[in-house]
>>> print(open('my_file_21.txt').read())   # compact mmCIF, C-alpha atoms and all ligand atoms
# COMPACT_ATOMS: atom_id res chain seq x y z
CA MET A 91 -0.01 -51.17 -0.22
CA SER A 92 1.50 -54.55 0.58
CA ILE A 93 -0.36 -57.41 2.21
CA MET A 94 1.37 -59.02 5.20
CA GLY A 95 -0.20 -62.08 6.78
CA GLY A 96 -3.58 -61.07 5.42
CA VAL A 97 -3.44 -57.72 7.16
CA GLU A 98 -2.73 -54.62 5.14
CA ALA A 99 0.49 -53.05 6.40
CA GLN A 100 0.11 -49.40 7.31
CA MET A 101 2.16 -47.32 4.96
CA ARG A 102 4.77 -45.38 6.95
CA LEU A 103 4.17 -41.86 5.72
CA GLU A 104 6.99 -40.58 7.97
CA ASP A 105 9.35 -42.23 5.49
CA TYR A 106 8.25 -39.67 2.90
CA ILE A 107 8.95 -36.59 5.03
CA ARG A 108 12.54 -35.37 4.71
CA ASP A 109 14.28 -33.44 7.48
CA ILE A 110 16.32 -30.49 6.23
CA PRO A 111 18.44 -29.14 9.09
CA ASP A 112 19.05 -25.40 9.33
CA PHE A 113 16.51 -24.40 6.67
CA PRO A 114 15.47 -21.65 6.14
CA LYS A 115 17.75 -20.57 8.98
CA PRO A 116 20.02 -22.13 11.61
CA GLY A 117 18.26 -24.16 14.28
CA ILE A 118 15.12 -24.95 12.25
CA ILE A 119 14.57 -28.52 11.08
CA PHE A 120 12.42 -28.07 8.01
CA LYS A 121 9.94 -30.87 7.29
CA ASP A 122 10.16 -31.24 3.52
CA ILE A 123 6.99 -32.80 2.12
CA THR A 124 8.19 -33.01 -1.50
CA PRO A 125 9.14 -36.72 -1.25
CA LEU A 126 5.52 -37.38 -0.24
CA LEU A 127 4.26 -35.33 -3.17
CA GLY A 128 6.61 -37.26 -5.43
CA ALA A 129 5.27 -40.68 -4.44
CA PRO A 130 1.68 -41.00 -5.73
CA GLU A 131 0.79 -43.89 -3.43
CA ALA A 132 2.00 -42.02 -0.37
CA PHE A 133 0.30 -38.80 -1.45
CA ARG A 134 -2.98 -40.64 -2.00
CA GLU A 135 -2.64 -42.34 1.39
CA ALA A 136 -1.95 -38.99 3.12
CA VAL A 137 -5.00 -37.40 1.50
CA LYS A 138 -7.09 -40.45 2.41
CA ARG A 139 -5.99 -40.21 6.05
CA MET A 140 -6.77 -36.50 6.08
CA ALA A 141 -10.19 -37.08 4.50
CA GLU A 142 -11.49 -39.92 6.72
CA PRO A 143 -12.00 -37.91 9.94
CA LEU A 144 -13.66 -35.14 7.93
CA ARG A 145 -16.41 -37.24 6.40
CA GLY A 146 -19.94 -36.90 7.72
CA ARG A 147 -19.25 -33.54 9.38
CA ASN A 148 -21.51 -31.53 7.07
CA LEU A 149 -18.67 -29.32 5.94
CA ASP A 150 -19.40 -26.58 3.42
CA ALA A 151 -15.85 -25.80 2.29
CA VAL A 152 -12.13 -26.39 2.67
CA VAL A 153 -10.07 -23.27 3.35
CA SER A 154 -6.42 -23.84 2.57
CA VAL A 155 -3.40 -21.77 3.44
CA GLU A 156 -0.79 -20.49 0.97
CA ALA A 157 1.26 -22.09 -0.37
CA ARG A 158 1.94 -25.73 0.55
CA GLY A 159 -1.50 -25.93 2.13
CA PHE A 160 -2.98 -25.56 -1.36
CA LEU A 161 -1.45 -28.86 -2.45
CA PHE A 162 -3.24 -30.84 0.25
CA GLY A 163 -6.30 -28.61 0.47
CA ALA A 164 -7.05 -29.06 -3.22
CA ALA A 165 -6.69 -32.83 -3.06
CA LEU A 166 -8.84 -32.99 0.05
CA ALA A 167 -11.56 -30.78 -1.46
CA TYR A 168 -11.55 -33.00 -4.54
CA GLU A 169 -11.77 -36.14 -2.40
CA LEU A 170 -14.64 -34.74 -0.33
CA SER A 171 -16.37 -32.95 -3.24
CA LEU A 172 -16.21 -29.61 -1.43
CA PRO A 173 -15.37 -26.11 -2.62
CA ILE A 174 -11.80 -25.02 -1.96
CA VAL A 175 -11.16 -21.46 -0.81
CA PRO A 176 -7.63 -20.03 -0.82
CA ALA A 177 -6.31 -17.98 2.11
CA ARG A 178 -3.37 -15.96 0.79
CA LYS A 179 -0.73 -13.47 1.75
CA ARG A 180 -1.54 -9.78 1.39
CA GLY A 181 -2.10 -8.49 -2.13
CA LYS A 182 -2.33 -11.82 -3.96
CA LEU A 183 -6.08 -12.19 -4.38
CA PRO A 184 -7.70 -10.22 -7.21
CA TYR A 185 -11.26 -9.68 -5.92
CA ASP A 186 -12.58 -7.94 -2.76
CA VAL A 187 -10.98 -9.40 0.36
CA ILE A 188 -11.36 -9.66 4.09
CA SER A 189 -8.08 -9.47 5.90
CA VAL A 190 -6.46 -10.26 9.25
CA THR A 191 -3.01 -9.24 10.42
CA TYR A 192 -0.88 -11.63 12.40
CA THR A 193 2.47 -11.46 14.11
CA LEU A 194 5.52 -13.15 12.69
CA GLU A 195 8.84 -13.61 14.44
CA TYR A 196 9.89 -10.27 13.00
CA GLY A 197 7.09 -7.82 12.19
CA GLU A 198 3.65 -8.75 10.96
CA ASP A 199 1.86 -9.95 7.86
CA ALA A 200 -1.70 -10.09 6.59
CA MET A 201 -3.72 -13.07 5.40
CA GLU A 202 -6.64 -12.53 3.04
CA MET A 203 -9.62 -14.39 1.65
CA HIS A 204 -12.18 -13.32 -0.96
CA THR A 205 -15.36 -11.84 0.51
CA ASP A 206 -17.38 -14.51 -1.31
CA GLY A 207 -15.02 -17.32 -0.25
CA VAL A 208 -17.02 -18.60 2.69
CA MET A 209 -20.46 -17.42 3.75
CA ALA A 210 -21.79 -16.61 7.21
CA GLY A 211 -23.10 -19.73 8.90
CA GLN A 212 -20.96 -22.15 6.92
CA ARG A 213 -18.76 -24.83 8.53
CA VAL A 214 -15.29 -25.23 7.16
CA ALA A 215 -12.13 -27.29 7.50
CA VAL A 216 -8.89 -25.29 7.51
CA VAL A 217 -5.98 -27.10 5.87
CA ASP A 218 -2.21 -26.60 5.89
CA ASP A 219 0.81 -28.84 5.47
CA VAL A 220 2.61 -28.26 8.78
CA LEU A 221 1.47 -27.01 12.18
CA ALA A 222 4.52 -25.42 13.81
CA THR A 223 3.95 -22.55 16.27
CA GLY A 224 0.31 -22.22 15.21
CA GLY A 225 0.38 -18.54 14.21
CA THR A 226 -0.51 -19.19 10.58
CA LEU A 227 -3.46 -21.45 11.35
CA ALA A 228 -4.70 -19.10 14.07
CA ALA A 229 -4.78 -16.31 11.46
CA ALA A 230 -6.66 -18.53 9.01
CA CYS A 231 -9.22 -19.38 11.71
CA GLN A 232 -9.65 -15.69 12.50
CA LEU A 233 -10.28 -15.03 8.82
CA VAL A 234 -12.97 -17.70 8.63
CA GLU A 235 -14.63 -16.35 11.75
CA LYS A 236 -14.47 -12.79 10.47
CA ALA A 237 -16.54 -14.03 7.51
CA GLY A 238 -19.11 -15.29 10.03
CA ALA A 239 -18.34 -18.95 9.37
CA THR A 240 -17.31 -21.66 11.85
CA VAL A 241 -14.06 -23.62 11.90
CA ASP A 242 -15.20 -27.19 12.38
CA VAL A 243 -11.77 -28.82 12.23
CA LEU A 244 -8.13 -28.11 11.36
CA SER A 245 -6.47 -30.67 9.12
CA LEU A 246 -2.69 -31.02 8.80
CA VAL A 247 -0.28 -33.48 7.32
CA VAL A 248 2.42 -32.83 9.92
CA GLU A 249 2.17 -31.53 13.47
CA LEU A 250 5.34 -30.48 15.32
CA SER A 251 3.89 -31.01 18.79
CA PHE A 252 7.07 -29.90 20.57
CA LEU A 253 6.43 -26.35 19.30
CA GLU A 254 3.11 -26.38 21.17
CA GLY A 255 1.11 -24.82 18.36
CA ARG A 256 -2.06 -26.24 19.94
CA ASP A 257 -1.73 -23.63 22.69
CA LYS A 258 -2.56 -20.95 20.12
CA LEU A 259 -5.42 -23.03 18.76
CA GLN A 260 -7.34 -23.88 21.89
CA GLY A 261 -10.97 -24.74 21.30
CA TYR A 262 -10.34 -26.09 17.81
CA GLU A 263 -10.37 -29.75 16.91
CA ILE A 264 -7.08 -30.65 15.24
CA SER A 265 -6.54 -33.62 12.96
CA SER A 266 -2.94 -34.47 12.02
CA VAL A 267 -1.69 -37.40 9.97
CA ILE A 268 1.87 -37.42 11.34
CA THR A 269 2.91 -36.03 14.75
CA TYR A 270 6.51 -35.41 15.82
P1 LIG B 301 3.47 -21.66 12.15
O1 LIG B 301 2.72 -20.40 11.90
O2 LIG B 301 4.68 -21.47 13.00
O3 LIG B 301 2.59 -22.79 12.67
O4 LIG B 301 4.08 -22.11 10.79
C1 LIG B 301 3.30 -22.75 9.92
C2 LIG B 301 3.71 -22.50 8.50
O5 LIG B 301 5.11 -22.41 8.29
C3 LIG B 301 3.19 -23.63 7.71
O6 LIG B 301 2.51 -23.09 6.61
C4 LIG B 301 4.40 -24.42 7.31
O7 LIG B 301 4.37 -24.65 5.93
C5 LIG B 301 5.61 -23.58 7.66
N1 LIG B 301 6.56 -24.21 8.60
C6 LIG B 301 6.89 -23.75 9.83
N2 LIG B 301 7.81 -24.51 10.40
C7 LIG B 301 8.08 -25.50 9.55
C8 LIG B 301 8.96 -26.63 9.57
N3 LIG B 301 9.76 -26.90 10.60
N4 LIG B 301 8.96 -27.45 8.50
C9 LIG B 301 8.15 -27.20 7.45
N5 LIG B 301 7.32 -26.16 7.36
C10 LIG B 301 7.27 -25.30 8.40
>>> encode(input="my_file_21.txt", output="structure tokens", more="lines below")
Ligand code: AMP
Amino acid sequence: MSIMGGVEAQMRLEDYIRDIPDFPKPGIIFKDITPLLGAPEAFREAVKRMAEPLRGRNLDAVVSVEARGFLFGAALAYELSLPIVPARKRGKLPYDVISVTYTLEYGEDAMEMHTDGVMAGQRVAVVDDVLATGGTLAAACQLVEKAGATVDVLSLVVELSFLEGRDKLQGYEISSVITY
């Protein structure tokens, strides 16, 4: 970080998010986080900004969502010295799982977590890279609740507020580093 007039300039993390128009299909502007991952200072700053609001909340675990959510979830769990629990697409986890189905634009999918991933009564943070329409995070929250645990906070790097994903996530506290 540079020092300007004695005050630390805020790193502009937006500068490390690349817009890819029409990916993966026409009309979608994909927020590519790989420039952020490729710049250690920016990545550290993003993880720091995700971690700060989560401190002192008595969290028991970080649940992170396949696949880009793992990148930030793992760093955040490391930073906060918490266990990290993967939430994955159907059929990927090797041990006994709990499962929820959720609706995609076409058809449906299932998200799974190991039965010993989070325990009843625990408080967890759910982490992903991007909040778009909110369907993915809503499924992850359902999974945590099915295990008898509580979602204390949702933590994202990027929130696409114009897609109104918060409507699907009412009642949850949401912490985003960058909002568009
Ligand atoms: P959603 O369920 O619509 O909130 O979509 C969230 C998931 O899809 C996240 O795991 C994101 O990684 C990915 N995603 C959806 N839309 C975008 C986008 N415009 N740019 C980058 N990732 C996206």
>>> closest_atom_pairs(input="my_file_21.txt", of="chain A", to="ligand LIG 301 (chain B)", cutoff="7 Å", atoms="all atoms listed in the file", output="Markdown table")
| residue | atom | partner | partner_atom | distance |
| --- | --- | --- | --- | --- |
| A:Ile118 | CA | B:LIG301 | N3 | 5.9 |
| A:Ile119 | CA | B:LIG301 | N3 | 5.1 |
| A:Phe120 | CA | B:LIG301 | N4 | 3.5 |
| A:Lys121 | CA | B:LIG301 | N4 | 3.8 |
| A:Asp122 | CA | B:LIG301 | C9 | 6.0 |
| A:Val155 | CA | B:LIG301 | O6 | 6.8 |
| A:Arg158 | CA | B:LIG301 | O7 | 6.0 |
| A:Gly159 | CA | B:LIG301 | O6 | 6.6 |
| A:Asp218 | CA | B:LIG301 | O6 | 5.9 |
| A:Asp219 | CA | B:LIG301 | O7 | 5.5 |
| A:Val220 | CA | B:LIG301 | C4 | 4.5 |
| A:Leu221 | CA | B:LIG301 | O3 | 4.4 |
| A:Ala222 | CA | B:LIG301 | O3 | 3.5 |
| A:Thr223 | CA | B:LIG301 | O2 | 3.5 |
| A:Gly224 | CA | B:LIG301 | O3 | 3.5 |
| A:Gly225 | CA | B:LIG301 | O1 | 3.8 |
| A:Thr226 | CA | B:LIG301 | O1 | 3.7 |
| A:Leu227 | CA | B:LIG301 | O1 | 6.3 |
| A:Gly255 | CA | B:LIG301 | O3 | 6.2 |
>>> residues_near_point(input="my_file_21.txt", point="(-21.2, -16.1, 7.0)", cutoff="7 Å", atoms="only C-alpha atoms", output="list in words")
Val208, Met209, Ala210, Gly211, Gln212, Ala237, Gly238 and Ala239 of chain A
>>> closest_residue(input="my_file_21.txt", among="A:Thr193, A:Glu156, A:Ala151, A:Gly261", to="Gly207 of chain A", atoms="all atoms listed in the file")
A:Ala151
>>> closest_residue(input="my_file_21.txt", among="A:Glu169, A:Val217, A:Met101, A:Ala200", to="Ala157 of chain A", atoms="all atoms listed in the file")
A:Val217
>>> residues_around(input="my_file_21.txt", residues="Glu263 of chain A", least_positions_apart="2", cutoff="10 Å", atoms="only C-alpha atoms", output="compact mmCIF listing (two decimals) with C-alpha atoms, in the frame of the given file")
# COMPACT_ATOMS: atom_id res chain seq x y z
CA ALA A 215 -12.13 -27.29 7.50
CA VAL A 241 -14.06 -23.62 11.90
CA ASP A 242 -15.20 -27.19 12.38
CA VAL A 243 -11.77 -28.82 12.23
CA LEU A 244 -8.13 -28.11 11.36
CA SER A 245 -6.47 -30.67 9.12
CA ARG A 256 -2.06 -26.24 19.94
CA LEU A 259 -5.42 -23.03 18.76
CA GLN A 260 -7.34 -23.88 21.89
CA GLY A 261 -10.97 -24.74 21.30
CA SER A 265 -6.54 -33.62 12.96
>>> closest_residue(input="my_file_21.txt", among="A:Ala129, A:Val267, A:Cys231, A:Ile110", to="Val247 of chain A", atoms="only C-alpha atoms")
A:Val267
>>> closest_residue(input="my_file_21.txt", among="A:Leu149, A:Met201, A:Ala136, A:Leu246", to="Ile174 of chain A", atoms="all atoms listed in the file")
A:Leu149
>>> atom_distance(input="my_file_21.txt", atom1="atom CA of Leu170 of chain A", atom2="atom CA of Arg145 of chain A")
7.4 Å
>>> atom_distance(input="my_file_21.txt", atom1="atom CA of Ala164 of chain A", atom2="atom CA of Pro176 of chain A")
9.4 Å
>>> atom_distance(input="my_file_21.txt", atom1="atom CA of Ala165 of chain A", atom2="atom CA of Arg102 of chain A")
19.7 Å
>>> residues_around(input="my_file_21.txt", residues="Val187 of chain A", least_positions_apart="5", cutoff="9 Å", atoms="all atoms listed in the file", output="MDAnalysis selection string")
chainID A and resid 202:207
>>> closest_residue(input="my_file_21.txt", among="A:Ala229, A:Val234, A:Leu183, A:Ile264", to="Glu249 of chain A", atoms="all atoms listed in the file")
A:Ile264
>>> build_atoms(input="my_file_21.txt", residues="segment 136-151 of chain A", atoms="N, CA and C atoms", output="mmCIF file, in the coordinates of the input")
data_model
loop_
_atom_site.group_PDB
_atom_site.id
_atom_site.type_symbol
_atom_site.label_atom_id
_atom_site.label_comp_id
_atom_site.auth_asym_id
_atom_site.auth_seq_id
_atom_site.Cartn_x
_atom_site.Cartn_y
_atom_site.Cartn_z
ATOM 1 N N ALA A 136 -1.898 -40.160 2.224
ATOM 2 C CA ALA A 136 -1.950 -38.990 3.120
ATOM 3 C C ALA A 136 -3.290 -38.278 2.973
ATOM 4 N N VAL A 137 -3.729 -38.100 1.738
ATOM 5 C CA VAL A 137 -5.000 -37.400 1.500
ATOM 6 C C VAL A 137 -6.168 -38.237 2.049
ATOM 7 N N LYS A 138 -6.054 -39.550 1.878
ATOM 8 C CA LYS A 138 -7.090 -40.450 2.410
ATOM 9 C C LYS A 138 -7.179 -40.321 3.929
ATOM 10 N N ARG A 139 -5.998 -40.301 4.575
ATOM 11 C CA ARG A 139 -5.990 -40.210 6.050
ATOM 12 C C ARG A 139 -6.464 -38.832 6.520
ATOM 13 N N MET A 140 -6.236 -37.817 5.714
ATOM 14 C CA MET A 140 -6.770 -36.500 6.080
ATOM 15 C C MET A 140 -8.290 -36.488 5.901
ATOM 16 N N ALA A 141 -8.759 -37.144 4.855
ATOM 17 C CA ALA A 141 -10.190 -37.080 4.500
ATOM 18 C C ALA A 141 -11.074 -37.860 5.473
ATOM 19 N N GLU A 142 -10.612 -39.033 5.935
ATOM 20 C CA GLU A 142 -11.490 -39.920 6.720
ATOM 21 C C GLU A 142 -12.147 -39.226 7.911
ATOM 22 N N PRO A 143 -11.353 -38.530 8.772
ATOM 23 C CA PRO A 143 -12.000 -37.910 9.940
ATOM 24 C C PRO A 143 -12.911 -36.737 9.581
ATOM 25 N N LEU A 144 -12.858 -36.307 8.336
ATOM 26 C CA LEU A 144 -13.660 -35.140 7.930
ATOM 27 C C LEU A 144 -14.999 -35.529 7.307
ATOM 28 N N ARG A 145 -15.155 -36.813 7.023
ATOM 29 C CA ARG A 145 -16.410 -37.240 6.400
ATOM 30 C C ARG A 145 -17.558 -37.180 7.400
ATOM 31 N N GLY A 146 -18.744 -36.889 6.886
ATOM 32 C CA GLY A 146 -19.940 -36.900 7.720
ATOM 33 C C GLY A 146 -20.015 -35.732 8.685
ATOM 34 N N ARG A 147 -19.240 -34.690 8.461
ATOM 35 C CA ARG A 147 -19.250 -33.540 9.380
ATOM 36 C C ARG A 147 -20.056 -32.375 8.824
ATOM 37 N N ASN A 148 -20.714 -32.607 7.699
ATOM 38 C CA ASN A 148 -21.510 -31.530 7.070
ATOM 39 C C ASN A 148 -20.690 -30.282 6.796
ATOM 40 N N LEU A 149 -19.517 -30.471 6.279
ATOM 41 C CA LEU A 149 -18.670 -29.320 5.940
ATOM 42 C C LEU A 149 -19.189 -28.647 4.675
ATOM 43 N N ASP A 150 -18.986 -27.339 4.602
ATOM 44 C CA ASP A 150 -19.400 -26.580 3.420
ATOM 45 C C ASP A 150 -18.219 -26.226 2.532
ATOM 46 N N ALA A 151 -17.013 -26.206 3.094
ATOM 47 C CA ALA A 151 -15.850 -25.800 2.290
ATOM 48 C C ALA A 151 -14.552 -26.198 2.980
#
